[in-house]
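Read the structure below first, then the notes.
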Amino acid sequence: HEDYRDYYERQGWSLFSEIHIPYTPVSFKAEYFDEDHDFMPVASPWSITKNDDPWREQPLVAEGTARFLEGTVTVDTRNDYSDPTDGWLARAVLRRGIGGKLVLPAHLVSSDGPPETIDPQEFDTGFLTGFLDVRGYLTINPGSSLNIRGVAGGALNGVPLPPQYQHALGGVGSLPGHHTFAQDCGARDLERTFDHITDDGTIRPQVFPSYGCDRFALFQAEFRGNLFMDWSPGWDEEEDPWEDDWNWYPDIDFSPNWAAFFNAGRAWSIDGPDTDTLLDVGVGIFFGDLGAYFAYPLTEDRNGDRDGNFFIRLSRRF
């Protein structure tokens, strides 16, 4: 029942051109976007557990139109796309707003107290953002490898970002020892009320005033090794009866492997308070793409808690 992402309505079109340099691992992509953005209220999808519990509130987004250019450079020397054990992947993205109008709509301080209204806030659509993701896969020996990742992104020109372009850290995708949105620059410390107009009338959901921070940086390291145990059915890999006819996802390997990992991350807001660096460590056992992990925080969250987190993934961490 825990939702790991927030959503907003995005409609529009884009046009791109992509170039792959022959005989090299380098590619370039340039893209133009013209979009309309709108708030999306909380839905009520079915979930396996806690299905009767309410889903958490959505953040407000700046509504209106956005036009921007985006350029991407990718260098990929990995020896395998889905399960690399050697090589590097580097991806750099630069996004520049070139027009439109994005406005955070007027909303109420509270649905219970006096009807105090917070005025609309218009964002500068001339924002400039960057995103850099560098991953290295280093083979230690035939049965183990050290994988590292550094990723950073956010505003580059000091212009505060609309909520839909902000970032938050915490949860299984970034800092698994900490709860989801553990570092969001205080975006979820307050709840607001918003009159949202739909085709069926006006609804008044509880919302958060923003999504997260304007900038972030994250470092991840993972040592992977095998347990020298073979629980496979006994087929010769060269004579696997499923290989020619089926493309399974996730890929399940009956020979178990293990991992130990470390994560460190921090996020910043241009106009907000300073934040602390969050750290965690963990271990896991995995069978191909399927893995069970336990992560433990080395730093306390804003509530002073240091609870561990057990989670299952159907894909590798990075």
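Numbering starts fresh at 1 for the residues of each chain in the structure tokens, the chains themselves are lettered A, B, ... in the order given, and ligands are numbered from 1 as they appear.
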
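The residue set within 7 Å of Gln220 in chain A, counting only C-alpha atoms and dropping same-chain residues fewer than 4 places from it, reads A:Ile148, A:Arg149, A:Gly150, A:Phe262, A:Asn263, A:Ala264.
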
Please identify all polymer residues within 8 Å of range 11-16 of chain A, counting only C-alpha atoms, omitting same-chain residues fewer than 3 positions from it, and present them as a ChimeraX atom specification. /A:29-37

Writing out the chosen residues with C-alpha atoms as a PDB file, in the first residue's frame:
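Saved file result32.pdb follows:
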ATOM      1  CA  LYS A  29      19.926  13.365 -27.911  1.00  0.00           C
ATOM      2  CA  ALA A  30      18.214  16.756 -28.250  1.00  0.00           C
ATOM      3  CA  GLU A  31      14.497  17.142 -27.530  1.00  0.00           C
ATOM      4  CA  TYR A  32      11.906  19.924 -27.486  1.00  0.00           C
ATOM      5  CA  PHE A  33       8.855  19.681 -25.166  1.00  0.00           C
ATOM      6  CA  ASP A  34       5.552  21.565 -25.218  1.00  0.00           C
ATOM      7  CA  GLU A  35       3.317  20.470 -22.335  1.00  0.00           C
ATOM      8  CA  ASP A  36       0.283  21.304 -20.197  1.00  0.00           C
ATOM      9  CA  HIS A  37       0.576  20.454 -16.491  1.00  0.00           C
TER      10      HIS A  37
END

Near-Ala259 in chain A list (8 Å; only C-alpha atoms; drop same-chain fewer than 2 positions) as a list in words: Glu222, Phe223, Arg224, Gly225, Asn257, Phe261, Val283, Gly284, Ile285 and Phe286 of chain A

Would you output that residue set with C-alpha atoms, as a PDB file, in the first residue's frame?
ATOM      1  CA  GLU A 222      27.617  -2.196  -3.503  1.00  0.00           C
ATOM      2  CA  PHE A 223      29.826  -5.270  -3.218  1.00  0.00           C
ATOM      3  CA  ARG A 224      28.314  -8.366  -4.818  1.00  0.00           C
ATOM      4  CA  GLY A 225      29.543 -11.927  -4.404  1.00  0.00           C
ATOM      5  CA  ASN A 257      24.327 -14.355  -4.565  1.00  0.00           C
ATOM      6  CA  PHE A 261      25.860  -1.866   0.264  1.00  0.00           C
ATOM      7  CA  VAL A 283      22.860  -6.564   3.071  1.00  0.00           C
ATOM      8  CA  GLY A 284      20.887  -8.693   0.675  1.00  0.00           C
ATOM      9  CA  ILE A 285      20.575 -12.053  -0.999  1.00  0.00           C
ATOM     10  CA  PHE A 286      19.353 -12.288  -4.558  1.00  0.00           C
TER      11      PHE A 286
END

Excluding same-chain residues fewer than 3 positions from range 272-277 of chain A, what lies within 10 Å of it counting only C-alpha atoms, as a list in words? Gln183, Asp184, Cys185, Gly186, Cys213, Asp214, Ala217, Leu218, Ala264, Gly265, Arg266, Ala267, Trp268, Ser269, Thr299, Glu300, Asp301 and Arg302 of chain A

From the list A:Pro59, A:Pro297, A:Pro105, A:Gly291, which residue is nearest Asp195 in chain A when using only C-alpha atoms?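 That would be A:Pro105, the residue with the smallest distance to Asp195 in chain A.
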
Using only C-alpha atoms, which residue out of A:Phe68, A:Tyr296, A:Tyr8, A:Phe219 lies closest to Pro176 in chain A?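 Of A:Phe68, A:Tyr296, A:Tyr8, A:Phe219, the one nearest Pro176 in chain A, counting only C-alpha atoms, is A:Tyr296.
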
d(CA of His107 in chain A, CA of Asp3 in chain A) in Å: 24.0 Å

Which one of A:Leu128, A:Val93, A:Val109, A:Val42 sits closest to Glu57 in chain A if you count only C-alpha atoms?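 So, comparing all the options, the nearest one is A:Val42.
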
Can you pull out the residues contacting range 155-170 of chain A? Cut-off 7 Å, using only C-alpha atoms, and skip same-chain residues under 2 positions away; I want them as a list in words.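 These residues fall inside the cut-off: Val61, Ala62, Phe123, Phe127, Leu128, Thr129, Gly130, Val172, Ser174, Leu175, Pro176, His178, His179, Thr180, Phe181, Ala182, Gln183, Asp184, Ser210, Tyr211, Gly212, Cys213, Asp214, Arg215, Phe216 and Ile270 of chain A.
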